[in-house]
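Asks: Contents are mmCIF, C-alpha atoms; file name data09.cif:
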data_start
#
loop_
_atom_site.label_atom_id
_atom_site.label_comp_id
_atom_site.auth_asym_id
_atom_site.auth_seq_id
_atom_site.Cartn_x
_atom_site.Cartn_y
_atom_site.Cartn_z
CA MET P 22 123.19 93.47 62.92
CA GLU P 23 119.51 93.02 62.29
CA ILE P 24 117.28 92.83 65.34
CA GLY P 25 115.31 89.59 65.27
CA LEU P 26 112.65 87.89 67.34
CA SER P 27 115.22 86.23 69.58
CA HIS P 28 116.63 89.60 70.66
CA TYR P 29 113.23 90.64 71.95
CA LEU P 30 112.59 87.27 73.58
CA ILE P 31 115.97 87.41 75.35
CA LEU P 32 115.26 90.94 76.57
CA SER P 33 111.82 89.82 77.75
CA THR P 34 113.46 86.91 79.58
CA ILE P 35 116.00 89.18 81.28
CA LEU P 36 113.26 91.54 82.46
CA PHE P 37 111.20 88.56 83.65
CA GLY P 38 114.23 87.36 85.62
CA ILE P 39 114.59 90.78 87.24
CA GLY P 40 110.91 90.75 88.20
CA LEU P 41 111.17 87.21 89.55
CA TYR P 42 114.17 88.21 91.65
CA GLY P 43 112.12 91.12 92.99
CA VAL P 44 109.17 88.89 93.87
CA MET P 45 111.41 86.46 95.74
CA SER P 46 113.58 88.99 97.57
CA ARG P 47 111.10 91.69 98.60
CA LYS P 48 109.34 91.68 101.95
CA ASN P 49 107.40 94.92 101.67
CA LEU P 50 104.09 94.26 99.90
CA LEU P 51 104.16 97.50 97.91
CA MET P 52 107.55 96.56 96.47
CA LEU P 53 106.18 93.11 95.72
CA PHE P 54 103.45 94.78 93.64
CA PHE P 55 106.10 96.72 91.72
CA ALA P 56 107.87 93.45 90.94
CA THR P 57 104.65 91.89 89.61
CA GLU P 58 104.20 94.91 87.33
CA ILE P 59 107.68 94.24 85.96
CA LEU P 60 106.75 90.59 85.31
CA LEU P 61 103.58 91.57 83.41
CA ASN P 62 105.42 94.19 81.34
CA SER P 63 108.20 91.82 80.33
CA VAL P 64 105.61 89.35 79.06
CA ASN P 65 103.94 92.15 77.10
CA ILE P 66 107.20 92.84 75.25
CA GLY P 67 107.36 89.18 74.26
CA PHE P 68 103.76 89.23 73.03
CA ALA P 69 104.28 92.37 70.94
CA ALA P 70 107.52 91.03 69.43
CA ILE P 71 105.97 87.70 68.45
CA SER P 72 102.97 89.54 67.05
CA HIS P 73 105.25 91.67 64.87
CA TYR P 74 107.52 88.91 63.61
CA LEU P 75 104.73 86.42 62.87
CA GLY P 76 102.50 89.07 61.30
CA ASP P 77 99.66 88.12 63.64
CA LEU P 78 97.56 90.45 65.76
CA THR P 79 96.72 87.89 68.45
CA GLY P 80 99.82 88.79 70.46
CA GLN P 81 98.79 92.43 70.70
CA MET P 82 95.28 91.41 71.77
CA PHE P 83 96.72 89.33 74.59
CA ALA P 84 98.90 92.26 75.61
CA PHE P 85 95.78 94.45 75.87
CA PHE P 86 94.06 91.94 78.11
CA VAL P 87 97.19 91.60 80.25
CA ILE P 88 97.18 95.39 80.71
CA ALA P 89 93.49 95.29 81.70
CA ILE P 90 94.15 92.51 84.23
CA ALA P 91 97.13 94.43 85.66
CA ALA P 92 95.04 97.58 86.08
CA SER P 93 92.26 95.80 87.98
CA GLU P 94 94.81 93.88 90.07
CA VAL P 95 96.39 97.17 91.13
CA ALA P 96 93.03 98.71 92.04
CA VAL P 97 91.90 95.82 94.24
CA GLY P 98 95.34 95.06 95.69
CA LEU P 99 96.09 98.65 96.61
CA GLY P 100 92.66 98.96 98.25
CA LEU P 101 93.33 95.88 100.37
CA LEU P 102 96.81 97.19 101.19
CA VAL P 103 95.44 100.55 102.34
CA VAL P 104 92.93 98.83 104.64
CA TRP P 105 95.66 96.57 106.06
CA PHE P 106 97.99 99.52 106.62
CA LYS P 107 95.25 101.52 108.37
CA ARG P 108 94.71 98.66 110.80
CA HIS P 109 98.25 97.39 111.43
CA ASN P 110 100.47 100.35 110.46
CA ARG P 111 102.85 98.17 108.44
CA ILE P 112 102.70 96.13 105.23
CA ASP P 113 105.46 93.61 105.73
CA LEU P 114 104.78 90.15 104.41
CA ASP P 115 106.29 88.39 107.44
CA GLU P 116 103.79 89.93 109.83
CA MET P 117 100.68 88.73 108.05
CA MET P 118 100.39 85.73 110.32
CA SER P 119 96.66 85.66 111.05
CA MET P 120 96.34 82.40 109.09
CA ARG P 121 99.51 80.98 110.71
CA GLY P 122 101.04 80.31 107.34
CA MET X 7 120.43 100.74 61.70
CA PHE X 8 118.03 103.07 63.49
CA GLU X 9 116.06 100.11 64.80
CA THR X 10 119.22 98.45 66.15
CA VAL X 11 120.41 101.56 67.97
CA ALA X 12 116.94 102.21 69.38
CA PHE X 13 116.56 98.59 70.52
CA TYR X 14 119.86 98.51 72.40
CA LEU X 15 119.33 101.97 73.90
CA PHE X 16 115.86 101.11 75.18
CA ALA X 17 116.99 97.65 76.32
CA VAL X 18 119.80 99.01 78.46
CA LEU X 19 117.67 101.80 79.92
CA VAL X 20 114.71 99.53 80.73
CA THR X 21 116.93 96.86 82.29
CA VAL X 22 118.77 99.40 84.45
CA SER X 23 115.61 101.15 85.66
CA PHE X 24 113.84 97.87 86.47
CA PHE X 25 116.95 96.64 88.26
CA ILE X 26 116.90 99.79 90.37
CA ALA X 27 113.18 99.26 91.01
CA VAL X 28 113.73 95.79 92.52
CA THR X 29 116.92 96.49 94.44
CA THR X 30 116.56 99.95 96.00
CA SER X 31 115.49 100.28 99.62
CA GLN X 32 113.61 103.55 99.11
CA ALA X 33 110.00 103.21 98.01
CA LEU X 34 110.05 106.53 96.15
CA TYR X 35 113.12 105.59 94.12
CA ALA X 36 111.49 102.29 93.21
CA LEU X 37 108.33 104.07 92.06
CA THR X 38 110.28 106.57 89.96
CA ALA X 39 112.43 103.86 88.37
CA LEU X 40 109.33 101.79 87.62
CA ALA X 41 107.64 104.78 85.98
CA SER X 42 110.62 105.49 83.74
CA GLY X 43 110.86 101.81 82.81
CA MET X 44 107.17 101.71 81.87
CA ILE X 45 107.52 104.72 79.57
CA LEU X 46 110.68 103.29 77.97
CA ILE X 47 108.93 99.96 77.34
CA SER X 48 106.41 101.77 75.14
CA GLY X 49 109.40 102.60 72.91
CA PHE X 50 109.69 98.88 72.06
CA PHE X 51 106.03 98.82 71.07
CA PHE X 52 106.55 101.77 68.72
CA ILE X 53 109.57 100.02 67.16
CA LEU X 54 107.47 96.86 66.71
CA ASP X 55 104.73 98.72 64.75
CA ALA X 56 102.25 98.33 67.61
CA GLU X 57 101.50 102.04 67.99
CA PHE X 58 98.15 101.55 69.69
CA LEU X 59 99.68 99.23 72.28
CA GLY X 60 102.43 101.78 72.94
CA ALA X 61 99.89 104.55 73.49
CA ILE X 62 97.86 102.28 75.79
CA GLN X 63 101.04 101.42 77.69
CA ILE X 64 101.77 105.11 78.33
CA ILE X 65 98.17 105.98 79.20
CA VAL X 66 97.32 102.98 81.38
CA TYR X 67 100.64 102.16 83.06
CA SER X 68 102.40 105.50 83.34
CA GLY X 69 99.17 107.46 83.63
CA ALA X 70 96.76 105.34 85.63
CA VAL X 71 98.62 102.53 87.42
CA LEU X 72 101.60 104.55 88.60
CA ALA X 73 99.42 107.52 89.55
CA LEU X 74 97.37 105.04 91.61
CA TYR X 75 100.56 103.79 93.27
CA ALA X 76 101.67 107.37 93.91
CA PHE X 77 98.35 108.19 95.57
CA GLY X 78 98.43 104.91 97.48
CA MET X 79 101.88 105.70 98.79
CA MET X 80 100.46 108.77 100.50
CA PHE X 81 98.83 106.35 102.93
CA PHE X 82 102.04 104.47 103.65
CA ASP X 83 105.13 105.59 105.49
CA THR X 84 107.42 105.92 102.49
CA THR X 85 110.32 107.53 104.32
CA ARG X 86 110.92 104.36 106.29
CA GLU X 87 113.64 102.08 104.92
CA VAL X 88 112.22 98.99 103.30
CA LYS X 89 113.36 95.88 105.10
CA GLU X 90 114.62 93.07 102.92
CA LYS X 91 114.36 89.37 103.42
CA LYS X 92 117.38 87.93 105.15
CA GLY X 93 117.56 84.83 102.95
CA ASN X 94 120.50 83.92 100.79
CA ARG X 95 120.54 86.36 97.87
CA ILE X 96 122.70 84.11 95.69
CA ILE X 97 120.19 81.28 96.01
CA ILE X 98 117.34 83.61 95.08
CA ALA X 99 119.17 85.06 92.08
CA SER X 100 120.28 81.68 90.75
CA LEU X 101 116.78 80.23 91.28
CA SER X 102 115.18 83.04 89.27
CA VAL X 103 117.74 82.73 86.46
CA LEU X 104 117.30 78.94 86.32
CA SER X 105 113.52 79.07 86.27
CA VAL X 106 113.56 81.74 83.56
CA ILE X 107 115.86 79.64 81.39
CA LEU X 108 113.54 76.67 81.91
CA VAL X 109 110.49 78.72 80.91
CA VAL X 110 112.25 79.95 77.78
CA LEU X 111 113.24 76.41 76.80
CA ILE X 112 109.69 75.19 77.25
CA PHE X 113 107.84 78.02 75.53
CA ALA X 114 110.33 79.32 72.95
CA ALA X 115 111.11 75.92 71.46
CA PRO X 116 107.79 75.62 69.53
CA VAL X 117 108.28 79.16 68.18
CA VAL X 118 111.61 78.23 66.68
CA SER X 119 110.03 75.40 64.72
CA ASP X 120 108.16 77.00 61.84
CA ASN X 121 104.80 75.37 62.45
CA ILE X 122 102.88 78.51 63.28
CA VAL X 123 100.26 80.01 60.99
CA ALA X 124 98.90 83.50 61.66
CA ASN X 125 95.29 83.42 62.82
CA TYR X 126 94.62 87.11 62.24
CA PRO X 127 97.31 88.21 59.79
CA VAL X 128 98.41 91.81 59.55
CA VAL X 129 96.92 93.43 56.45
CA GLU X 130 99.15 95.73 54.44
CA GLY X 131 98.06 99.32 53.97
CA ILE X 132 95.82 99.60 57.04
CA GLY X 133 96.98 101.38 60.17
CA ASN X 134 97.72 99.44 63.33
CA THR X 135 94.94 101.12 65.32
CA GLU X 136 92.33 100.28 62.70
CA GLN X 137 93.44 96.63 62.51
CA VAL X 138 93.38 96.33 66.29
CA GLY X 139 89.88 97.77 66.32
CA ILE X 140 88.64 95.34 63.67
CA VAL X 141 90.07 92.26 65.41
CA LEU X 142 89.14 93.40 68.92
CA PHE X 143 85.50 94.13 68.10
CA THR X 144 84.90 91.03 65.99
CA LYS X 145 86.99 88.09 67.17
CA TYR X 146 87.67 89.24 70.72
CA LEU X 147 84.35 90.92 71.51
CA VAL X 148 83.34 88.56 74.35
CA PRO X 149 86.71 88.73 76.17
CA PHE X 150 86.59 92.51 75.71
CA GLU X 151 83.19 92.72 77.40
CA VAL X 152 84.31 90.37 80.18
CA ALA X 153 87.38 92.57 80.74
CA ALA X 154 85.10 95.61 80.91
CA VAL X 155 82.93 93.96 83.58
CA MET X 156 86.07 92.92 85.48
CA LEU X 157 87.37 96.49 85.45
CA LEU X 158 84.00 97.70 86.76
CA VAL X 159 84.16 95.14 89.60
CA ALA X 160 87.73 96.19 90.38
CA MET X 161 86.71 99.85 90.45
CA ILE X 162 83.85 99.19 92.87
CA ALA X 163 86.13 97.03 95.03
CA GLY X 164 88.77 99.75 95.13
CA ILE X 165 86.24 102.42 96.11
CA VAL X 166 84.67 100.22 98.81
CA LEU X 167 88.01 99.10 100.26
CA ALA X 168 90.00 102.33 100.22
CA GLY X 169 87.23 104.91 100.37
CA LYS X 170 85.51 103.67 103.52
CA LYS X 171 86.13 105.74 106.65
CA MET X 172 88.70 108.01 105.05
CA ASP X 173 88.20 110.61 107.80
CA VAL X 174 89.25 108.38 110.70
CA SER X 175 92.59 106.74 111.33
CA LEU X 176 92.09 103.03 111.83
CA THR X 177 95.61 102.53 113.16
CA LEU X 178 95.04 104.49 116.35
CA LYS X 179 92.02 102.41 117.40
CA ASP X 180 91.45 98.82 118.44
CA ASP X 181 89.41 96.43 116.38
CA SER X 182 86.68 96.43 119.04
CA GLU X 183 86.26 100.21 118.84
CA ILE X 184 85.92 100.05 115.06
CA ASN X 185 83.38 97.24 115.32
CA ASN X 186 81.39 99.21 117.88
CA GLU X 187 81.31 102.22 115.59
CA GLU X 188 80.14 100.05 112.74
CA LYS X 189 77.30 98.75 114.90
CA VAL X 190 76.29 102.30 115.84
CA LEU X 191 76.35 103.41 112.23
CA SER X 192 74.28 100.54 110.89
#
Can the structure from this file be put into structure tokens for me?

Replies:
Amino acid sequence: MEIGLSHYLILSTILFGIGLYGVMSRKNLLMLFFATEILLNSVNIGFAAISHYLGDLTGQMFAFFVIAIAASEVAVGLGLLVVWFKRHNRIDLDEMMSMRG
Amino acid sequence: MFETVAFYLFAVLVTVSFFIAVTTSQALYALTALASGMILISGFFFILDAEFLGAIQIIVYSGAVLALYAFGMMFFDTTREVKEKKGNRIIIASLSVLSVILVVLIFAAPVVSDNIVANYPVVEGIGNTEQVGIVLFTKYLVPFEVAAVMLLVAMIAGIVLAGKKMDVSLTLKDDSEINNEEKVLS
């Protein structure tokens, strides 16, 4: 059976669902970051697949920019997380109550 | 045939490792599963003739991002069991599946209708890296430069946030003590 665009889109959807489940079920902020990486990667697969099957390079360009965004997000987010952990000794989402959210 | 086998092999492996990454209670297992999933995802990019994207995936994600996480985890107590939310897991799982199906219906429906014309079509006979270079440095030059500036800002932010006062432990002191030290230093 030939692998078509829909195979890749379904795979991308499944991975996105896994990442979404991770985002909603995790309480530890580091694990939440892992789940967001999964979300970004699943979207990248979709972009690359559409780029291949349409014969258009725009999808790959978007994937590059998504990777750049993910890299800078990790740098800033991990820096903030390290500062928070140094002060409070834990990185659980439920205990970040300084804004009474 | 080769493409089919490779697709299903990579699909199963990536799905399993990402599933482990979101469900395990050990931070180190999650990091390892995430790293293996990232490397396996680059296999899809090589199948899809996007060799440059696959190389970037390995270098940036497996090399830089996960190394950054590994170094960041040295600051955290990774041996401690990760506590999970106590909410209803079935509700969470069904909500994520439903929303994903909705997103696919909204965004995949226009793709199915054959109204799409390639803006920057793939040229035969030129390598993928060369094509990416041509498109990136002509049509996407401004976003490329903006991304470069954003990465610079992120780098400075990371250094300022994580690199400050590396020699003292902020957890063993009160906020007032830290503020006093800052006043003395400045």

Asks: Show me, as a PyMOL selection string, the residues of chain P whose atoms get within 8 Å of chain X, using only C-alpha atoms for the distance check.

Replies: chain P and resi 22-24+32+34-43+45-49+52+55-56+59+62+66+69-70+73+75-79+81-82+84-86+88-90+92-97+99-101+103-104+106-111

Asks: Quick one, how far is atom CA of P:Ile31 from atom CA of X:Leu111?

Replies: 11.4 Å

Asks: Which residue, P:Leu26, P:Val44, P:Leu50, P:Phe83, has the smallest gap to P:Asp115 when you use all atoms listed in the file?

Replies: P:Leu50

Asks: What is the atom CA of X:Ala39 to atom CA of P:Glu116 distance in Å?

Replies: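 Going from atom CA of X:Ala39 over to atom CA of P:Glu116, I get 27.0 Å.
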
Asks: Quote the spacing between atom CA of P:Ser27 and atom CA of X:Leu46 in Å to one decimal place.

Replies: 19.5 Å

Asks: Please determine an axis-aligned box that encloses all atoms of stretch 63-69 of chain X listed in the file, with 5 Å added on each side, and express its centre and edge lengths in Å to one decimal as JSON.

Replies:
{"center_x": 99.9, "center_y": 104.4, "center_z": 80.7, "size_x": 15.1, "size_y": 16.0, "size_z": 15.9}
